[in-house]
$ cat entry-v2.txt   # compact mmCIF, C-alpha atoms
# COMPACT_ATOMS: atom_id res chain seq x y z
CA MET N 1 68.17 40.80 -41.35
CA ALA N 2 68.57 37.41 -39.61
CA GLY N 3 68.13 34.25 -41.70
CA PHE N 4 65.96 31.26 -41.03
CA GLU N 5 67.28 28.14 -39.19
CA ASP N 6 66.51 24.49 -39.83
CA ALA N 7 65.42 22.04 -37.15
CA GLY N 8 69.05 21.45 -36.10
CA GLY N 9 69.67 25.17 -35.68
CA LYS N 10 71.72 25.55 -38.85
CA PRO N 11 71.15 28.75 -40.81
CA ILE N 12 69.26 28.45 -44.10
CA PRO N 13 70.74 30.69 -46.82
CA HIS N 14 68.51 33.26 -48.51
CA ALA N 15 66.93 32.19 -51.79
CA ALA N 16 68.60 33.54 -54.91
CA SER N 17 65.48 35.55 -55.63
CA ASP N 18 66.05 37.52 -52.42
CA LYS N 19 69.28 38.97 -53.77
CA PRO N 20 69.12 42.27 -55.62
CA ALA N 21 69.34 41.76 -59.39
CA ALA N 22 72.64 42.75 -60.95
CA LYS N 23 72.23 46.06 -62.76
CA LYS N 24 73.28 45.88 -66.38
CA ASP N 25 75.19 48.94 -67.45
CA ALA N 26 74.00 50.64 -70.63
CA PRO N 27 76.63 51.28 -73.31
CA HIS N 28 78.55 54.43 -72.40
CA HIS N 29 77.66 56.10 -75.70
CA THR N 30 73.90 55.95 -75.01
CA GLY N 31 73.99 58.86 -72.57
CA HIS N 32 76.50 60.67 -74.75
CA ARG N 33 74.08 60.64 -77.70
CA GLN N 34 71.29 62.22 -75.68
CA ARG N 35 73.62 64.84 -74.21
CA LEU N 36 74.84 65.70 -77.71
CA ARG N 37 71.28 66.03 -79.01
CA ASP N 38 70.37 68.24 -76.04
CA ARG N 39 73.35 70.54 -76.66
CA PHE N 40 72.43 70.79 -80.33
CA LEU N 41 68.78 71.60 -79.60
CA LYS N 42 69.78 74.20 -77.04
CA GLY N 43 72.67 75.90 -78.83
CA GLY N 44 72.38 74.87 -82.48
CA ALA N 45 75.26 73.83 -84.71
CA ASP N 46 77.49 76.62 -83.32
CA ALA N 47 77.51 74.80 -79.95
CA LEU N 48 79.24 71.77 -81.47
CA PRO N 49 82.66 71.28 -83.06
CA ASP N 50 82.78 69.67 -86.51
CA TYR N 51 83.30 66.12 -85.28
CA GLU N 52 80.31 66.27 -82.92
CA LEU N 53 78.03 67.60 -85.64
CA LEU N 54 79.22 64.70 -87.77
CA GLU N 55 78.45 62.32 -84.89
CA LEU N 56 74.82 63.46 -84.92
CA ILE N 57 74.56 62.47 -88.59
CA LEU N 58 76.26 59.12 -88.01
CA PHE N 59 73.77 58.19 -85.26
CA ARG N 60 71.17 57.26 -87.88
CA ALA N 61 73.47 55.00 -89.88
CA ILE N 62 75.19 53.46 -86.82
CA PRO N 63 72.52 53.01 -84.14
CA ARG N 64 74.41 50.77 -81.69
CA ARG N 65 78.03 51.84 -81.69
CA ASP N 66 80.10 54.78 -80.49
CA THR N 67 80.39 57.10 -83.51
CA LYS N 68 82.97 59.52 -82.11
CA PRO N 69 86.07 57.64 -83.39
CA LEU N 70 84.65 57.46 -86.93
CA ALA N 71 83.59 61.12 -86.88
CA LYS N 72 87.11 62.15 -85.85
CA ALA N 73 88.64 59.87 -88.49
CA LEU N 74 86.51 61.51 -91.20
CA ILE N 75 87.48 65.00 -90.07
CA GLU N 76 91.15 64.01 -89.99
CA ARG N 77 91.00 62.41 -93.45
CA PHE N 78 89.14 65.19 -95.24
CA GLY N 79 89.96 68.26 -93.17
CA GLY N 80 86.56 69.43 -91.94
CA PHE N 81 82.80 68.91 -91.83
CA ASN N 82 82.09 70.42 -95.26
CA GLU N 83 84.88 68.46 -96.87
CA ALA N 84 83.68 65.20 -95.31
CA ILE N 85 80.06 65.43 -96.47
CA SER N 86 81.20 66.67 -99.90
CA ALA N 87 83.73 63.87 -100.47
CA PRO N 88 82.95 61.40 -103.28
CA ILE N 89 81.35 58.15 -102.13
CA GLU N 90 84.31 56.05 -103.27
CA ARG N 91 86.69 58.12 -101.11
CA LEU N 92 84.34 57.91 -98.13
CA LEU N 93 84.25 54.13 -98.45
CA ASP N 94 88.05 54.06 -98.21
CA VAL N 95 87.77 55.17 -94.57
CA GLN N 96 87.66 52.22 -92.18
CA GLY N 97 84.22 51.98 -90.60
CA VAL N 98 82.36 53.75 -93.41
CA SER N 99 79.67 51.50 -94.85
CA GLN N 100 77.33 52.17 -97.76
CA ALA N 101 74.74 53.29 -95.20
CA VAL N 102 77.15 55.81 -93.66
CA ALA N 103 78.20 57.16 -97.05
CA ALA N 104 74.56 57.48 -98.11
CA GLU N 105 73.68 59.39 -94.92
CA LEU N 106 76.47 61.90 -95.52
CA LYS N 107 75.46 62.43 -99.15
CA ILE N 108 71.81 62.90 -98.14
CA VAL N 109 72.88 65.69 -95.77
CA GLN N 110 74.94 67.30 -98.55
CA ALA N 111 72.03 67.11 -101.01
CA ALA N 112 69.61 68.59 -98.47
CA SER N 113 71.96 71.47 -97.65
CA LEU N 114 72.40 72.28 -101.34
CA ARG N 115 68.65 72.18 -101.92
CA LEU N 116 68.12 74.63 -99.05
CA ALA N 117 70.88 76.93 -100.28
CA GLN N 118 69.50 76.88 -103.83
CA ALA N 119 66.05 77.84 -102.54
CA GLN N 120 67.58 81.02 -101.12
CA VAL N 121 68.61 82.25 -104.58
CA LEU N 122 66.24 80.83 -107.20
CA GLU N 123 63.53 83.22 -108.36
CA ARG N 124 65.12 86.08 -106.42
CA PRO N 125 67.01 89.17 -107.62
CA ALA N 126 70.65 88.18 -108.09
CA ILE N 127 72.03 91.48 -106.81
CA SER N 128 70.02 91.62 -103.57
CA SER N 129 70.74 87.96 -102.80
CA TRP N 130 74.40 88.09 -103.84
CA LYS N 131 75.82 86.72 -100.59
CA ALA N 132 73.31 83.86 -100.60
CA MET N 133 74.28 83.09 -104.18
CA ILE N 134 77.99 83.03 -103.32
CA ASP N 135 77.24 80.76 -100.35
CA TYR N 136 75.25 78.43 -102.59
CA CYS N 137 77.96 78.26 -105.27
CA THR N 138 80.58 77.63 -102.60
CA ALA N 139 78.55 74.80 -101.07
CA ALA N 140 77.87 73.28 -104.48
CA MET N 141 81.34 73.54 -106.03
CA ALA N 142 84.14 74.43 -103.63
CA TYR N 143 84.93 70.85 -102.58
CA GLU N 144 84.60 69.17 -105.96
CA ASN N 145 87.70 67.29 -107.10
CA ASN N 146 87.19 68.30 -110.74
CA GLU N 147 86.29 71.57 -112.40
CA GLN N 148 82.65 72.36 -113.10
CA PHE N 149 81.30 75.16 -115.27
CA ARG N 150 77.96 76.45 -114.03
CA ILE N 151 75.67 79.08 -115.53
CA LEU N 152 73.14 81.17 -113.61
CA PHE N 153 70.46 82.52 -115.96
CA LEU N 154 68.70 85.83 -115.17
CA ASP N 155 65.61 87.49 -116.64
CA ARG N 156 65.18 91.20 -117.43
CA LYS N 157 64.63 92.01 -113.75
CA ASN N 158 67.80 90.11 -112.79
CA ILE N 159 65.71 87.35 -111.21
CA LEU N 160 67.54 84.03 -111.18
CA ILE N 161 65.40 81.73 -113.33
CA ALA N 162 67.70 78.74 -113.78
CA ASP N 163 70.91 77.23 -112.44
CA GLU N 164 72.62 74.62 -114.61
CA ILE N 165 75.96 72.83 -114.83
CA GLN N 166 77.04 73.22 -118.43
CA SER N 167 80.08 70.96 -118.31
CA ARG N 168 82.38 68.95 -116.05
CA GLY N 169 86.08 68.56 -116.63
CA THR N 170 89.34 67.47 -115.06
CA ILE N 171 91.21 68.67 -112.01
CA ASP N 172 92.36 71.83 -113.83
CA HIS N 173 90.25 72.21 -116.97
CA THR N 174 86.66 72.03 -118.14
CA PRO N 175 85.56 72.45 -121.78
CA VAL N 176 83.32 75.46 -122.45
CA TYR N 177 81.58 76.20 -125.75
CA PRO N 178 80.41 79.82 -126.06
CA ARG N 179 77.77 79.02 -128.68
CA GLU N 180 76.21 76.38 -126.43
CA VAL N 181 76.15 78.85 -123.52
CA VAL N 182 74.35 81.49 -125.59
CA LYS N 183 72.00 78.96 -127.18
CA ARG N 184 70.86 77.77 -123.75
CA ALA N 185 70.36 81.37 -122.57
CA LEU N 186 68.07 82.04 -125.53
CA GLU N 187 66.14 78.81 -124.93
CA LEU N 188 65.41 79.92 -121.36
CA GLY N 189 64.59 83.49 -122.35
CA ALA N 190 67.44 84.82 -120.22
CA SER N 191 68.69 88.33 -120.81
CA ALA N 192 71.77 88.00 -118.61
CA ILE N 193 74.01 85.26 -117.26
CA ILE N 194 76.53 84.78 -114.47
CA LEU N 195 79.31 82.31 -115.21
CA VAL N 196 80.67 80.25 -112.33
CA HIS N 197 83.42 77.67 -112.16
CA ASN N 198 85.54 76.18 -109.38
CA HIS N 199 89.26 75.72 -108.89
CA PRO N 200 89.82 72.36 -107.13
CA SER N 201 93.22 73.64 -105.98
CA GLY N 202 91.34 75.97 -103.64
CA ASP N 203 92.94 79.15 -105.06
CA PRO N 204 90.26 81.23 -106.85
CA THR N 205 92.72 83.47 -108.70
CA PRO N 206 91.49 83.67 -112.33
CA SER N 207 93.84 82.27 -114.94
CA ARG N 208 94.56 83.80 -118.33
CA ALA N 209 92.43 81.04 -119.84
CA ASP N 210 89.53 82.01 -117.53
CA VAL N 211 89.69 85.62 -118.73
CA ASP N 212 89.97 84.64 -122.40
CA MET N 213 87.05 82.22 -122.18
CA THR N 214 84.88 84.88 -120.52
CA LYS N 215 85.69 87.30 -123.33
CA ARG N 216 84.71 84.74 -125.99
CA ILE N 217 81.35 84.12 -124.30
CA GLU N 218 80.75 87.85 -123.93
CA ASP N 219 81.52 88.41 -127.63
CA ALA N 220 79.07 85.64 -128.61
CA ALA N 221 76.33 86.78 -126.23
CA LYS N 222 76.29 90.55 -126.66
CA PRO N 223 75.02 90.71 -130.28
CA LEU N 224 72.06 88.53 -129.24
CA GLY N 225 71.09 90.76 -126.31
CA VAL N 226 72.48 88.54 -123.55
CA MET N 227 74.69 90.27 -121.00
CA VAL N 228 77.46 88.57 -119.01
CA HIS N 229 77.02 90.06 -115.52
CA ASP N 230 80.04 88.39 -113.97
CA HIS N 231 82.27 85.35 -113.91
CA LEU N 232 82.87 83.90 -110.43
CA VAL N 233 85.74 81.58 -109.60
CA ILE N 234 85.02 79.50 -106.50
CA GLY N 235 87.83 78.34 -104.22
CA LYS N 236 87.79 76.66 -100.84
CA GLY N 237 86.33 79.27 -98.53
CA ASN N 238 86.79 82.22 -100.87
CA HIS N 239 86.00 83.37 -104.39
CA ALA N 240 87.04 85.84 -107.08
CA SER N 241 84.84 88.06 -109.26
CA LEU N 242 86.22 88.97 -112.67
CA ARG N 243 84.05 92.08 -112.72
CA GLN N 244 85.34 93.27 -109.35
CA LEU N 245 88.88 92.59 -110.49
CA GLY N 246 88.32 94.72 -113.61
CA LEU N 247 88.74 91.73 -115.90
CA LEU N 248 85.24 91.90 -117.37
$ encode --input "entry-v2.txt" --output "structure tokens"
Amino acid sequence: MAGFEDAGGKPIPHAASDKPAAKKDAPHHTGHRQRLRDRFLKGGADALPDYELLELILFRAIPRRDTKPLAKALIERFGGFNEAISAPIERLLDVQGVSQAVAAELKIVQAASLRLAQAQVLERPAISSWKAMIDYCTAAMAYENNEQFRILFLDRKNILIADEIQSRGTIDHTPVYPREVVKRALELGASAIILVHNHPSGDPTPSRADVDMTKRIEDAAKPLGVMVHDHLVIGKGNHASLRQLGLL
């Protein structure tokens, strides 16, 4: 389009307002976030690798920054999605870029997942929900850095009525007191129990001490009408059953 001319015939430049406004580019991660959400809504968690699922969680704690580098750093440091959300807060904070808000978001997700898994087994027959119970124990204990000794209490119909951590120990030992185990079973009116503990090493092979401790609890419980159904040892991604191994 031709411009205007002044009285002497010289062209008058267009006013600045006539020029198209410069378009400000949005941060590149803005579109990425929406695409990631869309893929998740369409295909679920199976449509995303571990680091992208972790990115979705980090969006809430880090609203204005690309979260992919941090998600990948967490996966690299801890080895996977489950390991990252299960890591202790102090270890999470050691990772560059992890703030208190980020650590809190990861622990909230872990707590919510455990609550959901627990709901699948509480007040249900232990035998018919065995896989769900194994999944719950794995989620709750497999990635702990120290040993935990957990007891699942069952009523006469083998309904799971309570789930309690009886003691916490070190990286390779947790103290267990058979009398306290049986006393708690009687307080809850349980007629059977399932013992569960984790091996932080990841190898669920029962030790001689595991077998001996199970025998002591069984000897204390049987005269009082409390049966030891099983003793499960939880590793990283697998487990061992003393009953299935013929050790109970």
$ closest_residue --input "entry-v2.txt" --among "N:Leu122, N:Ile194, N:Ala132, N:Ala221" --to "Ala162 in chain N" --atoms "only C-alpha atoms"
N:Leu122
$ atom_distance --input "entry-v2.txt" --atom1 "CA of Leu92 in chain N" --atom2 "CA of Arg64 in chain N"
20.5 Å
$ residues_near_point --input "entry-v2.txt" --point "(86.2, 85.4, -112.6)" --cutoff "9 Å" --atoms "only C-alpha atoms" --output "list in words"
Leu195, Val196, His197, Pro204, Thr205, Pro206, Ser207, Asp210, Val211, Thr214, Asp230, His231, Leu232, Val233, Ile234, His239, Ala240, Ser241, Leu242, Arg243, Gln244, Leu245, Leu247 and Leu248 of chain N
$ residues_around --input "entry-v2.txt" --residues "Gly189 in chain N" --least-positions-apart "6" --cutoff "10 Å" --atoms "all atoms listed in the file" --output "PyMOL selection string"
chain N and resi 153-156+161+183+226
$ atom_distance --input "entry-v2.txt" --atom1 "CA of Ile151 in chain N" --atom2 "CA of Thr170 in chain N"
17.9 Å
$ residues_around --input "entry-v2.txt" --residues "Leu114 in chain N" --least-positions-apart "5" --cutoff "8 Å" --atoms "all atoms listed in the file" --output "mmCIF file with C-alpha atoms, in the frame of the given file"
data_model
loop_
_atom_site.group_PDB
_atom_site.id
_atom_site.type_symbol
_atom_site.label_atom_id
_atom_site.label_comp_id
_atom_site.auth_asym_id
_atom_site.auth_seq_id
_atom_site.Cartn_x
_atom_site.Cartn_y
_atom_site.Cartn_z
ATOM 1 C CA TYR N 136 75.250 78.430 -102.590
ATOM 2 C CA ALA N 139 78.550 74.800 -101.070
ATOM 3 C CA ALA N 140 77.870 73.280 -104.480
#
$ atom_distance --input "entry-v2.txt" --atom1 "CA of Arg208 in chain N" --atom2 "CA of Ala142 in chain N"
20.3 Å
$ residues_around --input "entry-v2.txt" --residues "Val95 in chain N" --least-positions-apart "3" --cutoff "10 Å" --atoms "only C-alpha atoms" --output "list in words"
Leu70, Ala73, Leu74, Arg77, Glu90, Arg91, Leu92, Val98 and Ser99 of chain N
$ closest_residue --input "entry-v2.txt" --among "N:Phe149, N:Met141, N:Glu180, N:Phe78" --to "Asp94 in chain N" --atoms "all atoms listed in the file"
N:Phe78
$ closest_residue --input "entry-v2.txt" --among "N:Arg37, N:Arg179, N:Arg216, N:Arg168" --to "Ile57 in chain N" --atoms "all atoms listed in the file"
N:Arg37
$ build_atoms --input "entry-v2.txt" --residues "range 181-198 of chain N" --atoms "N, CA and C atoms" --output "PDB file, in the frame of the given file"
ATOM      1  N   VAL N 181      76.547  77.999-124.648  1.00  0.00           N
ATOM      2  CA  VAL N 181      76.150  78.850-123.520  1.00  0.00           C
ATOM      3  C   VAL N 181      75.057  79.819-123.958  1.00  0.00           C
ATOM      4  N   VAL N 182      75.309  80.499-125.091  1.00  0.00           N
ATOM      5  CA  VAL N 182      74.350  81.490-125.590  1.00  0.00           C
ATOM      6  C   VAL N 182      73.061  80.823-126.054  1.00  0.00           C
ATOM      7  N   LYS N 183      73.186  79.689-126.710  1.00  0.00           N
ATOM      8  CA  LYS N 183      72.000  78.960-127.180  1.00  0.00           C
ATOM      9  C   LYS N 183      71.087  78.612-126.006  1.00  0.00           C
ATOM     10  N   ARG N 184      71.665  78.148-124.901  1.00  0.00           N
ATOM     11  CA  ARG N 184      70.860  77.770-123.750  1.00  0.00           C
ATOM     12  C   ARG N 184      70.214  79.006-123.115  1.00  0.00           C
ATOM     13  N   ALA N 185      70.922  80.136-123.106  1.00  0.00           N
ATOM     14  CA  ALA N 185      70.360  81.370-122.570  1.00  0.00           C
ATOM     15  C   ALA N 185      69.132  81.794-123.367  1.00  0.00           C
ATOM     16  N   LEU N 186      69.200  81.681-124.678  1.00  0.00           N
ATOM     17  CA  LEU N 186      68.070  82.040-125.530  1.00  0.00           C
ATOM     18  C   LEU N 186      66.897  81.082-125.334  1.00  0.00           C
ATOM     19  N   GLU N 187      67.200  79.801-125.167  1.00  0.00           N
ATOM     20  CA  GLU N 187      66.140  78.810-124.930  1.00  0.00           C
ATOM     21  C   GLU N 187      65.351  79.126-123.666  1.00  0.00           C
ATOM     22  N   LEU N 188      66.042  79.618-122.642  1.00  0.00           N
ATOM     23  CA  LEU N 188      65.410  79.920-121.360  1.00  0.00           C
ATOM     24  C   LEU N 188      64.816  81.328-121.305  1.00  0.00           C
ATOM     25  N   GLY N 189      65.067  82.119-122.358  1.00  0.00           N
ATOM     26  CA  GLY N 189      64.590  83.490-122.350  1.00  0.00           C
ATOM     27  C   GLY N 189      65.356  84.380-121.398  1.00  0.00           C
ATOM     28  N   ALA N 190      66.606  84.030-121.142  1.00  0.00           N
ATOM     29  CA  ALA N 190      67.440  84.820-120.220  1.00  0.00           C
ATOM     30  C   ALA N 190      68.010  86.030-120.936  1.00  0.00           C
ATOM     31  N   SER N 191      68.080  87.132-120.231  1.00  0.00           N
ATOM     32  CA  SER N 191      68.690  88.330-120.810  1.00  0.00           C
ATOM     33  C   SER N 191      70.058  88.625-120.215  1.00  0.00           C
ATOM     34  N   ALA N 192      70.432  87.844-119.198  1.00  0.00           N
ATOM     35  CA  ALA N 192      71.770  88.000-118.610  1.00  0.00           C
ATOM     36  C   ALA N 192      72.186  86.663-117.993  1.00  0.00           C
ATOM     37  N   ILE N 193      73.485  86.490-117.864  1.00  0.00           N
ATOM     38  CA  ILE N 193      74.010  85.260-117.260  1.00  0.00           C
ATOM     39  C   ILE N 193      75.157  85.596-116.314  1.00  0.00           C
ATOM     40  N   ILE N 194      75.351  84.727-115.345  1.00  0.00           N
ATOM     41  CA  ILE N 194      76.530  84.780-114.470  1.00  0.00           C
ATOM     42  C   ILE N 194      77.243  83.448-114.639  1.00  0.00           C
ATOM     43  N   LEU N 195      78.494  83.509-115.019  1.00  0.00           N
ATOM     44  CA  LEU N 195      79.310  82.310-115.210  1.00  0.00           C
ATOM     45  C   LEU N 195      79.976  81.959-113.873  1.00  0.00           C
ATOM     46  N   VAL N 196      80.050  80.693-113.582  1.00  0.00           N
ATOM     47  CA  VAL N 196      80.670  80.250-112.330  1.00  0.00           C
ATOM     48  C   VAL N 196      81.470  78.981-112.604  1.00  0.00           C
ATOM     49  N   HIS N 197      82.702  78.942-112.148  1.00  0.00           N
ATOM     50  CA  HIS N 197      83.420  77.670-112.160  1.00  0.00           C
ATOM     51  C   HIS N 197      84.326  77.597-110.923  1.00  0.00           C
ATOM     52  N   ASN N 198      84.735  76.388-110.579  1.00  0.00           N
ATOM     53  CA  ASN N 198      85.540  76.180-109.380  1.00  0.00           C
ATOM     54  C   ASN N 198      86.981  75.862-109.732  1.00  0.00           C
TER      55      ASN N 198
END
